[in-house]
file model.csv (CSV, C-alpha atoms)
chain,number,residue,atom,x,y,z
A,1,MET,CA,-22.2,73.1,-168.6
A,2,LYS,CA,-24.8,70.3,-168.7
A,3,ASN,CA,-27.7,70.7,-166.3
A,4,ILE,CA,-26.7,74.2,-165.2
A,5,PRO,CA,-29.8,76.5,-165.2
A,6,ARG,CA,-29.9,79.1,-168.0
A,7,ILE,CA,-31.4,82.5,-167.4
A,8,PHE,CA,-32.3,85.0,-170.0
A,9,ILE,CA,-31.2,88.6,-169.4
A,10,ASP,CA,-33.0,91.2,-171.5
A,11,HIS,CA,-30.2,93.6,-171.7
A,12,LYS,CA,-26.5,93.4,-172.7
A,13,ILE,CA,-24.2,92.2,-170.0
A,14,LYS,CA,-20.5,91.7,-169.6
A,15,THR,CA,-18.1,89.9,-167.2
A,16,GLY,CA,-18.1,91.6,-163.8
A,17,ASP,CA,-21.6,93.0,-163.9
A,18,THR,CA,-23.9,92.4,-161.0
A,19,PHE,CA,-27.7,92.8,-161.6
A,20,PRO,CA,-30.7,92.3,-159.3
A,21,ALA,CA,-32.0,88.7,-159.0
A,22,ASP,CA,-35.7,88.4,-159.4
A,23,LYS,CA,-37.2,86.6,-156.4
A,24,SER,CA,-38.6,83.8,-158.6
A,25,VAL,CA,-35.2,83.3,-160.1
A,26,ALA,CA,-33.5,83.3,-156.7
A,27,HIS,CA,-36.0,80.7,-155.4
A,28,TYR,CA,-35.6,78.6,-158.5
A,29,LEU,CA,-31.8,78.4,-158.2
A,30,SER,CA,-31.7,78.0,-154.4
A,31,HIS,CA,-34.7,75.8,-153.6
A,32,VAL,CA,-35.5,74.0,-156.8
A,33,MET,CA,-32.1,73.4,-158.5
A,34,ARG,CA,-30.3,73.8,-155.1
A,35,THR,CA,-27.3,75.6,-156.7
A,36,SER,CA,-25.9,79.1,-156.9
A,37,LYS,CA,-24.4,78.5,-160.3
A,38,CYS,CA,-26.1,79.4,-163.5
A,39,ILE,CA,-25.6,80.6,-167.0
A,40,VAL,CA,-27.0,83.9,-168.1
A,41,PHE,CA,-27.5,84.7,-171.8
A,42,GLY,CA,-28.9,87.2,-174.3
A,43,PHE,CA,-28.2,89.0,-177.5
A,44,GLY,CA,-26.1,86.1,-178.8
A,45,HIS,CA,-23.8,85.6,-175.8
A,46,GLU,CA,-23.8,83.5,-172.6
A,47,PHE,CA,-21.8,83.8,-169.4
A,48,ASN,CA,-21.1,81.7,-166.3
A,49,ALA,CA,-22.7,83.4,-163.4
A,50,GLU,CA,-23.5,82.9,-159.7
A,51,LEU,CA,-26.3,83.9,-157.3
A,52,ASN,CA,-24.9,86.0,-154.5
A,53,ALA,CA,-25.0,84.6,-151.0
A,54,ASP,CA,-27.9,86.8,-149.9
A,55,GLY,CA,-29.9,85.9,-153.0
A,56,THR,CA,-30.4,89.4,-154.1
A,57,GLY,CA,-28.1,89.6,-157.1
A,58,ILE,CA,-26.3,87.6,-159.8
A,59,THR,CA,-22.7,88.3,-160.6
A,60,VAL,CA,-21.6,87.7,-164.2
A,61,GLY,CA,-18.4,85.6,-164.7
A,62,ALA,CA,-16.5,84.7,-167.8
A,63,ASP,CA,-18.0,84.4,-171.3
A,64,THR,CA,-18.5,80.7,-172.0
A,65,GLY,CA,-17.2,81.2,-175.6
A,66,ARG,CA,-20.1,79.1,-177.0
A,67,GLY,CA,-21.5,80.6,-180.2
A,68,ASP,CA,-25.1,81.3,-180.7
A,69,VAL,CA,-27.0,78.5,-182.5
A,70,VAL,CA,-29.8,80.9,-183.6
A,71,SER,CA,-30.2,81.3,-187.4
A,72,GLU,CA,-31.5,84.3,-189.3
A,73,ILE,CA,-34.8,82.6,-190.1
A,74,THR,CA,-38.1,84.5,-189.9
A,75,LEU,CA,-41.2,82.5,-189.5
A,76,TYR,CA,-44.4,84.1,-190.9
A,77,PHE,CA,-47.3,82.2,-189.5
A,78,ALA,CA,-51.1,82.3,-189.1
A,79,PRO,CA,-52.1,82.3,-185.4
A,80,ILE,CA,-53.6,78.9,-184.5
A,81,LYS,CA,-55.4,77.4,-181.5
A,82,ARG,CA,-52.1,76.0,-180.3
A,83,THR,CA,-49.9,79.1,-181.0
A,84,ASP,CA,-48.1,78.4,-177.7
A,85,ASP,CA,-46.9,75.1,-179.0
A,86,LEU,CA,-45.8,76.6,-182.3
A,87,ILE,CA,-43.9,79.3,-180.5
A,88,ALA,CA,-42.2,76.8,-178.2
A,89,MET,CA,-41.2,74.4,-180.9
A,90,ALA,CA,-40.0,77.0,-183.4
A,91,THR,CA,-37.9,78.8,-180.8
A,92,GLN,CA,-36.2,75.5,-180.1
A,93,MET,CA,-35.4,75.3,-183.8
A,94,GLY,CA,-33.3,78.4,-183.3
A,95,ILE,CA,-35.1,81.1,-185.4
A,96,LYS,CA,-34.6,84.8,-185.2
A,97,ARG,CA,-38.1,86.3,-185.6
A,98,PHE,CA,-41.8,85.5,-185.6
A,99,VAL,CA,-44.3,87.5,-187.7
A,100,PRO,CA,-48.0,86.6,-187.1
A,101,VAL,CA,-50.0,86.9,-190.3
A,102,ILE,CA,-53.8,87.2,-190.4
A,103,THR,CA,-55.1,85.0,-193.3
A,104,GLU,CA,-58.6,84.4,-194.5
A,105,ARG,CA,-58.9,81.2,-192.4
A,106,THR,CA,-57.1,82.4,-189.3
A,107,VAL,CA,-59.3,81.3,-186.4
A,108,ASN,CA,-57.3,82.6,-183.4
A,109,HIS,CA,-57.5,86.4,-183.3
A,110,HIS,CA,-57.0,86.9,-179.6
A,111,VAL,CA,-53.5,85.7,-178.8
A,112,ASN,CA,-51.9,86.8,-175.5
A,113,TRP,CA,-48.6,87.9,-177.1
A,114,ALA,CA,-47.0,88.8,-173.8
A,115,ARG,CA,-47.5,85.2,-172.8
A,116,MET,CA,-46.1,84.0,-176.1
A,117,GLN,CA,-42.9,86.0,-175.4
A,118,LYS,CA,-42.6,84.3,-172.1
A,119,ILE,CA,-42.9,81.0,-173.7
A,120,ALA,CA,-40.2,81.9,-176.2
A,121,ILE,CA,-37.9,82.9,-173.4
A,122,GLU,CA,-38.5,79.6,-171.5
A,123,SER,CA,-37.9,77.7,-174.7
A,124,ALA,CA,-34.6,79.5,-175.4
A,125,GLU,CA,-33.5,78.8,-171.9
A,126,GLN,CA,-34.1,75.1,-172.3
A,127,SER,CA,-32.7,74.7,-175.8
A,128,ASN,CA,-29.3,76.3,-175.6
A,129,CYS,CA,-30.1,79.3,-177.7
A,130,ASN,CA,-28.2,82.4,-176.8
A,131,SER,CA,-30.9,84.7,-178.2
A,132,VAL,CA,-34.7,84.9,-177.8
A,133,PRO,CA,-36.7,85.4,-181.0
A,134,GLU,CA,-38.6,88.7,-181.5
A,135,ILE,CA,-42.3,88.4,-181.9
A,136,ALA,CA,-43.6,91.1,-184.2
A,137,MET,CA,-47.1,92.7,-184.2
A,138,PRO,CA,-49.6,90.8,-186.4
A,139,ILE,CA,-50.0,91.9,-190.0
A,140,LYS,CA,-52.5,91.1,-192.7
A,141,PHE,CA,-51.8,88.7,-195.5
A,142,ALA,CA,-52.3,91.5,-198.0
A,143,GLU,CA,-49.4,93.4,-196.4
A,144,LEU,CA,-46.8,90.6,-197.1
A,145,ASP,CA,-44.2,91.0,-199.9
A,146,LEU,CA,-44.8,87.6,-201.5
A,147,SER,CA,-42.3,88.0,-204.3
A,148,SER,CA,-39.4,86.1,-202.8
A,149,LEU,CA,-41.1,84.4,-199.9
A,150,CYS,CA,-41.1,80.7,-199.4
A,151,PHE,CA,-44.3,79.1,-198.1
A,152,ALA,CA,-45.4,75.7,-196.9
A,153,ASP,CA,-47.6,74.4,-199.7
A,154,GLU,CA,-50.1,71.6,-198.6
A,155,ARG,CA,-51.1,71.1,-202.2
A,156,PHE,CA,-48.1,68.8,-202.6
A,157,ALA,CA,-49.9,66.3,-200.4
A,158,TYR,CA,-52.8,66.0,-202.9
A,159,ASP,CA,-51.0,66.0,-206.3
A,160,ASP,CA,-47.7,65.5,-208.0
A,161,LYS,CA,-46.7,69.2,-208.2
A,162,THR,CA,-43.1,69.7,-209.2
A,163,ALA,CA,-41.1,71.1,-206.3
A,164,GLN,CA,-39.0,74.2,-206.9
A,165,LYS,CA,-35.5,74.5,-205.7
A,166,ILE,CA,-35.4,76.5,-202.4
A,167,PRO,CA,-33.1,79.5,-203.0
A,168,ALA,CA,-29.8,79.4,-201.1
A,169,THR,CA,-30.6,82.9,-199.8
A,170,ALA,CA,-34.0,81.9,-198.3
A,171,ASN,CA,-34.3,82.9,-194.7
A,172,ALA,CA,-38.1,83.3,-194.3
A,173,ILE,CA,-41.1,81.0,-194.7
A,174,LEU,CA,-44.8,81.4,-194.4
A,175,VAL,CA,-47.0,78.7,-192.8
A,176,GLY,CA,-50.8,78.8,-193.0
A,177,PRO,CA,-53.6,78.2,-190.4
A,178,GLU,CA,-55.4,75.0,-189.5
A,179,GLY,CA,-57.6,75.2,-192.6
A,180,GLY,CA,-54.8,76.1,-194.9
A,181,PHE,CA,-54.5,79.0,-197.4
A,182,SER,CA,-57.6,80.0,-199.3
A,183,ASP,CA,-57.8,79.7,-203.1
A,184,ALA,CA,-57.4,83.5,-203.3
A,185,GLU,CA,-54.2,83.4,-201.2
A,186,PHE,CA,-52.8,80.5,-203.2
A,187,ALA,CA,-53.5,82.5,-206.3
A,188,ALA,CA,-51.7,85.6,-204.8
A,189,LEU,CA,-48.7,83.4,-203.8
A,190,ASP,CA,-48.4,81.8,-207.2
A,191,SER,CA,-48.8,85.0,-209.2
A,192,ALA,CA,-46.2,86.8,-207.0
A,193,GLY,CA,-43.6,84.1,-207.6
A,194,ALA,CA,-43.5,82.9,-204.0
A,195,VAL,CA,-41.6,79.6,-203.7
A,196,PRO,CA,-43.8,76.6,-202.7
A,197,VAL,CA,-42.1,74.2,-200.3
A,198,SER,CA,-43.3,70.6,-199.9
A,199,LEU,CA,-43.7,69.2,-196.4
A,200,GLY,CA,-44.4,65.7,-197.7
A,201,LYS,CA,-47.4,63.7,-198.6
A,202,THR,CA,-49.2,63.8,-195.3
A,203,ILE,CA,-51.3,66.6,-193.8
A,204,LEU,CA,-49.6,68.0,-190.7
A,205,ARG,CA,-50.8,69.9,-187.7
A,206,ALA,CA,-50.0,73.6,-188.2
A,207,GLU,CA,-47.5,73.7,-185.3
A,208,VAL,CA,-45.7,70.6,-186.7
A,209,ALA,CA,-45.7,72.0,-190.2
A,210,ALA,CA,-43.9,75.1,-188.9
A,211,VAL,CA,-41.1,73.0,-187.5
A,212,ILE,CA,-40.7,71.0,-190.7
A,213,ALA,CA,-40.9,74.2,-192.8
A,214,ILE,CA,-38.1,75.8,-190.7
A,215,GLU,CA,-35.9,72.7,-191.2
A,216,LYS,CA,-36.5,72.9,-195.0
A,217,ILE,CA,-34.9,76.3,-195.3
A,218,ARG,CA,-32.4,76.1,-192.5
A,219,LYS,CA,-28.8,76.1,-193.8

call {"tool": "encode", "arguments": {"input": "model.csv", "output": "structure tokens"}}
result
Amino acid sequence: MKNIPRIFIDHKIKTGDTFPADKSVAHYLSHVMRTSKCIVFGFGHEFNAELNADGTGITVGADTGRGDVVSEITLYFAPIKRTDDLIAMATQMGIKRFVPVITERTVNHHVNWARMQKIAIESAEQSNCNSVPEIAMPIKFAELDLSSLCFADERFAYDDKTAQKIPATANAILVGPEGGFSDAEFAALDSAGAVPVSLGKTILRAEVAAVIAIEKIRK
């Protein structure tokens, strides 16, 4: 299945189904990739498929039998200037859900979330994921349940804090904005018993920190 174009379908499909082909998809298959063969995927499954001769529809063939590589991880993150890069990279890591969190130092309050969803779809198509992560509506830091949440703690880069063991059940992690968490937010995380996770002794760009944080808790 290497190099066969993958196309996300935003509804459940099964072998034998035929659905309309968007003009841009038909053009991409016929004129860019010069093939009628493709793989369609969504909701954890993928199928062999083929563009009809007239280019108006795609017929679903057999299930490929390849399991979904997407995990159950939720990434809580502060929107950043390069939120598009964060969404693309974290989707490629195979996460389930994004939850934007507005922190004290969040600088990007005007994200085009419809565009971010398109970026997630494109990244899933490219990375062999059989699901596209959900992007939830933004919430405020104060609305988070911090009691069992893991969070990327940049304080490890400045001192010799003792790292805690990441719980085996951990499936969510919080990453802060470019300027990091505020003192008040660190105090809230610490007092609530949130689990600090070290990303090493260097200071990382927020989008890179998100990828490393995901890898830290991925089973």

call {"tool": "atom_distance", "arguments": {"input": "model.csv", "atom1": "CA of Ala194 in chain A", "atom2": "CA of Ser131 in chain A"}}
result
28.8 Å

call {"tool": "closest_residue", "arguments": {"input": "model.csv", "among": "A:Leu75, A:Ala21, A:Ala26, A:Val40", "to": "Gly57 in chain A", "atoms": "all atoms listed in the file"}}
result
A:Ala21

call {"tool": "residues_around", "arguments": {"input": "model.csv", "residues": "Gly200 in chain A", "least_positions_apart": "5", "cutoff": "10 Å", "atoms": "all atoms listed in the file", "output": "list in words"}}
result
Asp153, Glu154, Arg155, Phe156, Ala157, Tyr158, Ala209 and Ile212 of chain A

call {"tool": "residues_near_point", "arguments": {"input": "model.csv", "point": "(-23.4, 86.5, -168.8)", "cutoff": "8 Å", "atoms": "all atoms listed in the file", "output": "VMD selection string"}}
result
chain A and resid 13 to 15 39 to 42 45 to 49 60 to 63

call {"tool": "closest_residue", "arguments": {"input": "model.csv", "among": "A:Asp159, A:Lys81, A:Arg218, A:Pro133", "to": "His109 in chain A", "atoms": "all atoms listed in the file"}}
result
A:Lys81

call {"tool": "closest_residue", "arguments": {"input": "model.csv", "among": "A:Arg82, A:His27, A:His11, A:Arg34", "to": "Thr56 in chain A", "atoms": "only C-alpha atoms"}}
result
A:His27

call {"tool": "closest_residue", "arguments": {"input": "model.csv", "among": "A:Leu29, A:Ala90, A:Leu174, A:Ile7", "to": "Phe141 in chain A", "atoms": "all atoms listed in the file"}}
result
A:Leu174

call {"tool": "atom_distance", "arguments": {"input": "model.csv", "atom1": "CA of Gln117 in chain A", "atom2": "CA of Ile139 in chain A"}}
result
17.3 Å

call {"tool": "atom_distance", "arguments": {"input": "model.csv", "atom1": "CA of Gly176 in chain A", "atom2": "CA of Ile87 in chain A"}}
result
14.3 Å

call {"tool": "residues_near_point", "arguments": {"input": "model.csv", "point": "(-37.2, 74.8, -191.1)", "cutoff": "12 Å", "atoms": "all atoms listed in the file", "output": "ChimeraX atom specification"}}
result
/A:71-76,89-96,150-152,166,170-175,197-199,207-219

call {"tool": "residues_around", "arguments": {"input": "model.csv", "residues": "Pro100 in chain A", "least_positions_apart": "2", "cutoff": "9 Å", "atoms": "all atoms listed in the file", "output": "MDAnalysis selection string"}}
result
chainID A and resid 75:79 98 102 135:140

call {"tool": "residues_around", "arguments": {"input": "model.csv", "residues": "Lys118 in chain A", "least_positions_apart": "3", "cutoff": "10 Å", "atoms": "all atoms listed in the file", "output": "PyMOL selection string"}}
result
chain A and resi 84+87-88+113-115+121-124+132

call {"tool": "closest_residue", "arguments": {"input": "model.csv", "among": "A:Ser191, A:Asn130, A:Ser182, A:Ser36", "to": "Arg66 in chain A", "atoms": "all atoms listed in the file"}}
result
A:Asn130

call {"tool": "closest_residue", "arguments": {"input": "model.csv", "among": "A:Glu134, A:Asp183, A:Asp54, A:Asp190", "to": "Ile119 in chain A", "atoms": "only C-alpha atoms"}}
result
A:Glu134

call {"tool": "decode", "arguments": {"input": "model.csv", "residues": "range 140-151 of chain A", "atoms": "N, CA, C and O atoms", "output": "PDB file, in the first residue's frame"}}
result
ATOM      1  N   LYS A 140     -10.575  27.681  29.532  1.00  0.00           N
ATOM      2  CA  LYS A 140      -9.645  28.449  30.359  1.00  0.00           C
ATOM      3  C   LYS A 140      -8.877  27.508  31.288  1.00  0.00           C
ATOM      4  O   LYS A 140      -9.378  26.454  31.680  1.00  0.00           O
ATOM      5  N   PHE A 141      -7.666  27.912  31.642  1.00  0.00           N
ATOM      6  CA  PHE A 141      -6.838  27.115  32.548  1.00  0.00           C
ATOM      7  C   PHE A 141      -7.607  26.790  33.828  1.00  0.00           C
ATOM      8  O   PHE A 141      -7.518  25.663  34.344  1.00  0.00           O
ATOM      9  N   ALA A 142      -8.366  27.739  34.329  1.00  0.00           N
ATOM     10  CA  ALA A 142      -9.102  27.547  35.583  1.00  0.00           C
ATOM     11  C   ALA A 142     -10.160  26.461  35.477  1.00  0.00           C
ATOM     12  O   ALA A 142     -10.620  25.928  36.497  1.00  0.00           O
ATOM     13  N   GLU A 143     -10.551  26.092  34.258  1.00  0.00           N
ATOM     14  CA  GLU A 143     -11.574  25.067  34.068  1.00  0.00           C
ATOM     15  C   GLU A 143     -10.995  23.652  34.062  1.00  0.00           C
ATOM     16  O   GLU A 143     -11.754  22.683  34.061  1.00  0.00           O
ATOM     17  N   LEU A 144      -9.679  23.532  34.038  1.00  0.00           N
ATOM     18  CA  LEU A 144      -9.042  22.218  33.974  1.00  0.00           C
ATOM     19  C   LEU A 144      -9.126  21.480  35.303  1.00  0.00           C
ATOM     20  O   LEU A 144      -8.985  22.082  36.374  1.00  0.00           O
ATOM     21  N   ASP A 145      -9.318  20.175  35.233  1.00  0.00           N
ATOM     22  CA  ASP A 145      -9.154  19.323  36.411  1.00  0.00           C
ATOM     23  C   ASP A 145      -7.682  18.929  36.451  1.00  0.00           C
ATOM     24  O   ASP A 145      -7.215  18.108  35.658  1.00  0.00           O
ATOM     25  N   LEU A 146      -6.946  19.534  37.357  1.00  0.00           N
ATOM     26  CA  LEU A 146      -5.498  19.341  37.413  1.00  0.00           C
ATOM     27  C   LEU A 146      -5.076  18.157  38.264  1.00  0.00           C
ATOM     28  O   LEU A 146      -3.898  17.777  38.263  1.00  0.00           O
ATOM     29  N   SER A 147      -6.006  17.537  38.958  1.00  0.00           N
ATOM     30  CA  SER A 147      -5.660  16.571  39.996  1.00  0.00           C
ATOM     31  C   SER A 147      -4.874  15.363  39.502  1.00  0.00           C
ATOM     32  O   SER A 147      -4.023  14.836  40.210  1.00  0.00           O
ATOM     33  N   SER A 148      -5.146  14.905  38.294  1.00  0.00           N
ATOM     34  CA  SER A 148      -4.427  13.722  37.797  1.00  0.00           C
ATOM     35  C   SER A 148      -3.776  13.981  36.443  1.00  0.00           C
ATOM     36  O   SER A 148      -3.427  13.056  35.722  1.00  0.00           O
ATOM     37  N   LEU A 149      -3.611  15.265  36.130  1.00  0.00           N
ATOM     38  CA  LEU A 149      -3.093  15.642  34.819  1.00  0.00           C
ATOM     39  C   LEU A 149      -1.573  15.676  34.817  1.00  0.00           C
ATOM     40  O   LEU A 149      -0.938  16.157  35.766  1.00  0.00           O
ATOM     41  N   CYS A 150      -0.957  15.155  33.774  1.00  0.00           N
ATOM     42  CA  CYS A 150       0.472  15.327  33.561  1.00  0.00           C
ATOM     43  C   CYS A 150       0.693  16.665  32.855  1.00  0.00           C
ATOM     44  O   CYS A 150      -0.151  17.106  32.081  1.00  0.00           O
ATOM     45  N   PHE A 151       1.827  17.306  33.132  1.00  0.00           N
ATOM     46  CA  PHE A 151       2.115  18.552  32.426  1.00  0.00           C
ATOM     47  C   PHE A 151       3.618  18.666  32.161  1.00  0.00           C
ATOM     48  O   PHE A 151       4.438  18.175  32.932  1.00  0.00           O
TER      49      PHE A 151
END
